[in-house]
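Reading through the structure tokens given below for one structure.
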Amino acid sequence: MSAQQGSKGAALPPATLPQATLKDRFVAWWEGYDLAAVLSRRPRADEEQGAGGAQGGSAKQSPQSATERRTLNRSGKPLWTATRVQVAEKIWGDGYATPGGNEHIPTLVKPLGLNPAMSVLDLAAGLGGSTRSMASQFGAWVTGLESNPVLAEAGMFRSHKAGMARQAPIQPFDPETFSWPKRVDAVFAKEGFYTVRNKDGLLDAVEAALKPRGHFLFTDYVLDKAKASGPIFKGWLDHEPVEPHPWTVDQYAQGLQQRNLDIRITEDLSDLHRSLILTAIQGLVTHLEQHSMDHETKIAVVEEVELWARRVAVLDAGIRLYRFYVLKPADIS
């Protein structure tokens, strides 16, 4: 019997079937079963609502503490586990939890003009791949700061293993209350600010940490207000693991200018970002066709793919990915 038919053979209106998520489609492809048949056995959306809310939706949670925001997702589960770290590195490469890699970082940070005499802060270090890349490829002394303690610990372990514990250490920090006791030559961050509520405080701290003529380069997801109203944007907003608080390009420009920072580059990298994601996911699919995994790892893979599929979709539906590069002026004596 067709999945679109009821028990007496009458066709059900298509709208009555629950909507398939990317996770549904991915698992169906992976396991080789009939997705429509599974969906036909699920409660419809109106039945789910009547039972107390849509299943799998973003139910409202009680406000999280600062520590919980850095360690738990919006459903109260750990943001990062050993299994998710393993999956992330399989997708993005050793030492990376986000798109890019050792081939991408040197091009991204080229405006910084890194050299062995420079000190650098990496404010979104993740597993430390970018931190170690800047240190190993340019000789700079780079301190990686990571908001999630699980990633920070895993990143420091990888720096120790690479013999770079002094030149590229990874430490936990809270971006909402960030300050740095020493001045540095450069600050770098890769998609690390869009979940920070206190961006004004963060920019103040970055400006204070920079030496005169210091460099500040970061990429971030920025809000495109003209498109930020449809279901794709809302789906992204509701399902990001950490609640997003994106600024617009103009808000960043004003914030940087208010701190007397000279903006040299404001560049839309959305197309490149999308390409990096899709290429990596295709590589993962090829890997999965040749290897088997335990159930826990499969679930982690599906959740990670679903997360990045939403991020790809929203790049044309309310969010863009921008690179900003600014200089701090010299002291006036």
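Identifiers for the structure tokens are assigned positionally: chains receive A, B, ... in sequence, residues are indexed from 1 per chain, and ligands are indexed from 1 in the order shown.
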Mind running region 146-234 of chain A against region 312-324 of chain A at 7 Å and telling me each contacting residue's nearest atom pair with the distance in Å (one decimal), counting only C-alpha atoms, chain and number ascending, as a tab-separated table?
residue	atom	partner	partner_atom	distance
A:Leu217	CA	A:Phe324	CA	5.6
A:Phe218	CA	A:Phe324	CA	5.4
A:Thr219	CA	A:Arg323	CA	4.3
A:Asp220	CA	A:Leu321	CA	5.6
A:Tyr221	CA	A:Leu321	CA	4.5
A:Val222	CA	A:Arg320	CA	5.3
A:Leu223	CA	A:Ile319	CA	4.9
A:Asp224	CA	A:Gly318	CA	4.7
A:Lys225	CA	A:Gly318	CA	6.4
A:Lys227	CA	A:Gly318	CA	4.5
A:Ala228	CA	A:Gly318	CA	3.9
A:Ile232	CA	A:Val314	CA	6.0
A:Phe233	CA	A:Val314	CA	5.7
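DSSP, applied to the backbone of this structure, assigns strand (DSSP E) to the following residues of region 180-221 of chain A: Val184, Asp185, Ala186, Val187, Phe188, Ala189, Lys190, Leu210, Lys211, Pro212, Arg213, Gly214, His215, Phe216, Leu217, Phe218, Thr219, Asp220 and Tyr221 of chain A.
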All residues 12 Å or closer to Leu151 (chain A), only C-alpha atoms, same chain fewer than 3 positions away omitted, as a PDB file with N, CA and C atoms, in the first residue's frame:
ATOM      1  N   ARG A  70      27.650  28.500  27.672  1.00  0.00           N
ATOM      2  CA  ARG A  70      28.916  28.064  27.085  1.00  0.00           C
ATOM      3  C   ARG A  70      29.039  26.546  27.029  1.00  0.00           C
ATOM      4  N   THR A  71      28.199  25.828  27.768  1.00  0.00           N
ATOM      5  CA  THR A  71      28.360  24.375  27.850  1.00  0.00           C
ATOM      6  C   THR A  71      27.155  23.588  27.355  1.00  0.00           C
ATOM      7  N   PRO A  78      24.563  18.815  26.408  1.00  0.00           N
ATOM      8  CA  PRO A  78      25.927  19.323  26.167  1.00  0.00           C
ATOM      9  C   PRO A  78      26.115  19.773  24.724  1.00  0.00           C
ATOM     10  N   LEU A  79      26.693  20.959  24.557  1.00  0.00           N
ATOM     11  CA  LEU A  79      26.966  21.455  23.213  1.00  0.00           C
ATOM     12  C   LEU A  79      27.961  20.570  22.491  1.00  0.00           C
ATOM     13  N   TRP A  80      28.977  20.140  23.220  1.00  0.00           N
ATOM     14  CA  TRP A  80      30.031  19.334  22.609  1.00  0.00           C
ATOM     15  C   TRP A  80      30.289  18.090  23.441  1.00  0.00           C
ATOM     16  N   THR A  81      30.447  16.981  22.749  1.00  0.00           N
ATOM     17  CA  THR A  81      30.817  15.709  23.353  1.00  0.00           C
ATOM     18  C   THR A  81      32.006  15.164  22.562  1.00  0.00           C
ATOM     19  N   ALA A  82      32.622  14.118  23.085  1.00  0.00           N
ATOM     20  CA  ALA A  82      33.743  13.508  22.370  1.00  0.00           C
ATOM     21  C   ALA A  82      33.309  13.006  20.999  1.00  0.00           C
ATOM     22  N   THR A  83      32.077  12.481  20.910  1.00  0.00           N
ATOM     23  CA  THR A  83      31.580  11.984  19.627  1.00  0.00           C
ATOM     24  C   THR A  83      31.388  13.117  18.637  1.00  0.00           C
ATOM     25  N   ARG A  84      30.818  14.239  19.099  1.00  0.00           N
ATOM     26  CA  ARG A  84      30.621  15.360  18.181  1.00  0.00           C
ATOM     27  C   ARG A  84      31.956  15.939  17.725  1.00  0.00           C
ATOM     28  N   VAL A  85      32.939  16.000  18.615  1.00  0.00           N
ATOM     29  CA  VAL A  85      34.269  16.467  18.221  1.00  0.00           C
ATOM     30  C   VAL A  85      34.829  15.571  17.118  1.00  0.00           C
ATOM     31  N   GLN A  86      34.682  14.272  17.289  1.00  0.00           N
ATOM     32  CA  GLN A  86      35.174  13.324  16.293  1.00  0.00           C
ATOM     33  C   GLN A  86      34.488  13.549  14.947  1.00  0.00           C
ATOM     34  N   ALA A  88      33.001  16.360  13.891  1.00  0.00           N
ATOM     35  CA  ALA A  88      33.391  17.664  13.347  1.00  0.00           C
ATOM     36  C   ALA A  88      34.737  17.580  12.632  1.00  0.00           C
ATOM     37  N   GLU A  89      35.686  16.893  13.244  1.00  0.00           N
ATOM     38  CA  GLU A  89      37.007  16.785  12.609  1.00  0.00           C
ATOM     39  C   GLU A  89      36.939  15.932  11.339  1.00  0.00           C
ATOM     40  N   GLY A  95      41.571  19.280  13.922  1.00  0.00           N
ATOM     41  CA  GLY A  95      41.734  20.541  14.635  1.00  0.00           C
ATOM     42  C   GLY A  95      40.680  21.582  14.328  1.00  0.00           C
ATOM     43  N   TYR A  96      39.682  21.226  13.524  1.00  0.00           N
ATOM     44  CA  TYR A  96      38.674  22.215  13.128  1.00  0.00           C
ATOM     45  C   TYR A  96      37.262  21.727  13.462  1.00  0.00           C
ATOM     46  N   ALA A  97      36.447  22.664  13.937  1.00  0.00           N
ATOM     47  CA  ALA A  97      35.045  22.377  14.245  1.00  0.00           C
ATOM     48  C   ALA A  97      34.108  23.181  13.365  1.00  0.00           C
ATOM     49  N   THR A  98      34.658  23.969  12.438  1.00  0.00           N
ATOM     50  CA  THR A  98      33.884  24.809  11.524  1.00  0.00           C
ATOM     51  C   THR A  98      34.562  24.794  10.155  1.00  0.00           C
ATOM     52  N   ALA A 124      38.047  32.753  18.778  1.00  0.00           N
ATOM     53  CA  ALA A 124      37.080  31.685  18.493  1.00  0.00           C
ATOM     54  C   ALA A 124      37.870  30.455  18.091  1.00  0.00           C
ATOM     55  N   ALA A 125      38.687  29.976  19.011  1.00  0.00           N
ATOM     56  CA  ALA A 125      39.719  29.002  18.675  1.00  0.00           C
ATOM     57  C   ALA A 125      39.168  27.618  18.367  1.00  0.00           C
ATOM     58  N   GLY A 126      38.013  27.258  18.934  1.00  0.00           N
ATOM     59  CA  GLY A 126      37.480  25.917  18.696  1.00  0.00           C
ATOM     60  C   GLY A 126      38.462  24.849  19.156  1.00  0.00           C
ATOM     61  N   LEU A 127      38.810  23.945  18.259  1.00  0.00           N
ATOM     62  CA  LEU A 127      39.779  22.885  18.550  1.00  0.00           C
ATOM     63  C   LEU A 127      41.217  23.328  18.305  1.00  0.00           C
ATOM     64  N   GLY A 128      41.388  24.612  18.003  1.00  0.00           N
ATOM     65  CA  GLY A 128      42.727  25.173  17.889  1.00  0.00           C
ATOM     66  C   GLY A 128      43.375  25.074  16.531  1.00  0.00           C
ATOM     67  N   GLY A 129      42.628  24.618  15.508  1.00  0.00           N
ATOM     68  CA  GLY A 129      43.222  24.490  14.186  1.00  0.00           C
ATOM     69  C   GLY A 129      43.733  25.802  13.635  1.00  0.00           C
ATOM     70  N   GLY A 144      44.954  30.939  21.742  1.00  0.00           N
ATOM     71  CA  GLY A 144      43.582  30.660  21.345  1.00  0.00           C
ATOM     72  C   GLY A 144      42.654  30.688  22.547  1.00  0.00           C
ATOM     73  N   LEU A 145      41.569  31.433  22.437  1.00  0.00           N
ATOM     74  CA  LEU A 145      40.556  31.507  23.486  1.00  0.00           C
ATOM     75  C   LEU A 145      39.262  30.909  22.946  1.00  0.00           C
ATOM     76  N   GLU A 146      38.664  30.006  23.707  1.00  0.00           N
ATOM     77  CA  GLU A 146      37.477  29.296  23.263  1.00  0.00           C
ATOM     78  C   GLU A 146      36.421  29.306  24.362  1.00  0.00           C
ATOM     79  N   SER A 147      35.179  29.673  23.990  1.00  0.00           N
ATOM     80  CA  SER A 147      34.118  29.826  24.987  1.00  0.00           C
ATOM     81  C   SER A 147      33.627  28.501  25.538  1.00  0.00           C
ATOM     82  N   ASN A 148      33.708  27.425  24.743  1.00  0.00           N
ATOM     83  CA  ASN A 148      33.229  26.130  25.226  1.00  0.00           C
ATOM     84  C   ASN A 148      34.380  25.368  25.889  1.00  0.00           C
ATOM     85  N   ALA A 154      40.006  20.062  24.570  1.00  0.00           N
ATOM     86  CA  ALA A 154      40.410  19.233  23.433  1.00  0.00           C
ATOM     87  C   ALA A 154      41.425  19.962  22.562  1.00  0.00           C
ATOM     88  N   GLY A 155      41.243  21.280  22.399  1.00  0.00           N
ATOM     89  CA  GLY A 155      42.179  22.066  21.614  1.00  0.00           C
ATOM     90  C   GLY A 155      43.558  22.122  22.254  1.00  0.00           C
ATOM     91  N   MET A 156      43.600  22.295  23.592  1.00  0.00           N
ATOM     92  CA  MET A 156      44.890  22.336  24.287  1.00  0.00           C
ATOM     93  C   MET A 156      45.586  20.988  24.209  1.00  0.00           C
ATOM     94  N   PHE A 157      44.817  19.910  24.293  1.00  0.00           N
ATOM     95  CA  PHE A 157      45.403  18.578  24.135  1.00  0.00           C
ATOM     96  C   PHE A 157      46.074  18.452  22.770  1.00  0.00           C
ATOM     97  N   ARG A 158      45.428  18.956  21.731  1.00  0.00           N
ATOM     98  CA  ARG A 158      45.993  18.885  20.385  1.00  0.00           C
ATOM     99  C   ARG A 158      47.222  19.772  20.245  1.00  0.00           C
ATOM    100  N   ILE A 170      45.587  26.853  24.030  1.00  0.00           N
ATOM    101  CA  ILE A 170      44.144  27.080  23.933  1.00  0.00           C
ATOM    102  C   ILE A 170      43.585  27.162  25.346  1.00  0.00           C
ATOM    103  N   GLN A 171      42.843  28.236  25.641  1.00  0.00           N
ATOM    104  CA  GLN A 171      42.316  28.461  26.978  1.00  0.00           C
ATOM    105  C   GLN A 171      40.816  28.755  26.910  1.00  0.00           C
ATOM    106  N   PRO A 172      40.058  28.366  27.933  1.00  0.00           N
ATOM    107  CA  PRO A 172      38.638  28.744  27.976  1.00  0.00           C
ATOM    108  C   PRO A 172      38.481  30.202  28.386  1.00  0.00           C
ATOM    109  N   PHE A 173      37.398  30.829  27.905  1.00  0.00           N
ATOM    110  CA  PHE A 173      37.104  32.217  28.305  1.00  0.00           C
ATOM    111  C   PHE A 173      35.627  32.485  28.108  1.00  0.00           C
TER     112      PHE A 173
END
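Shortest separation to Thr195 (chain A) among A:Ile263, A:Ala253, A:Leu108, A:Val242 occurs at residue A:Val242, atoms counted being only C-alpha atoms.
Restricting the calculation to only C-alpha atoms, the smallest distance between Thr286 (chain A) and any of A:Ile91, A:Ala186, A:Ala66, A:Leu114 is found for A:Ile91.
Compared by their closest atoms to Lys161 (chain A), and using only C-alpha atoms, the residues A:Pro99, A:Pro244, A:Arg132, A:Arg264 rank with A:Arg132 nearest.
The coordinates place CA of Asn115 (chain A) at 27.6 Å from CA of Tyr252 (chain A).
Minimum distance to Trp308 (chain A) across A:Glu296, A:Glu267, A:Asp204, A:Glu240 (counting only C-alpha atoms) occurs at A:Glu240.
The smallest atom-to-atom distance between Asp268 (chain A) and any of A:Val196, A:Val206, A:Val249, A:Ser159, using only C-alpha atoms, is found for A:Val249.
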Based on the backbone DSSP call, show me all residues of region 194-260 of chain A assigned helix (DSSP H, G or I), as a ChimeraX atom specification. /A:199-209,231-239,249-258
Could you give me, as an NGL selection string, the residues within 12 Å of Arg197 (chain A), counting only C-alpha atoms and dropping anything in the same chain fewer than 6 positions from it? :A and (66 or 69 or 174-177 or 203 or 242-247)
Could you write those residues out with C-alpha atoms, as a PDB file, in the first residue's frame?
ATOM      1  CA  ALA A  66      26.414  32.326  31.621  1.00  0.00           C
ATOM      2  CA  ARG A  69      25.322  29.156  27.601  1.00  0.00           C
ATOM      3  CA  ASP A 174      33.791  34.016  28.492  1.00  0.00           C
ATOM      4  CA  PRO A 175      33.317  36.392  25.520  1.00  0.00           C
ATOM      5  CA  GLU A 176      30.583  38.238  27.424  1.00  0.00           C
ATOM      6  CA  THR A 177      33.117  39.432  30.031  1.00  0.00           C
ATOM      7  CA  LEU A 203      34.693  45.384  21.020  1.00  0.00           C
ATOM      8  CA  VAL A 242      23.287  28.761  21.094  1.00  0.00           C
ATOM      9  CA  GLU A 243      20.816  31.618  20.743  1.00  0.00           C
ATOM     10  CA  PRO A 244      22.031  33.983  17.999  1.00  0.00           C
ATOM     11  CA  HIS A 245      22.300  37.744  18.475  1.00  0.00           C
ATOM     12  CA  PRO A 246      23.572  38.837  15.042  1.00  0.00           C
ATOM     13  CA  TRP A 247      24.447  42.415  14.207  1.00  0.00           C
TER      14      TRP A 247
END
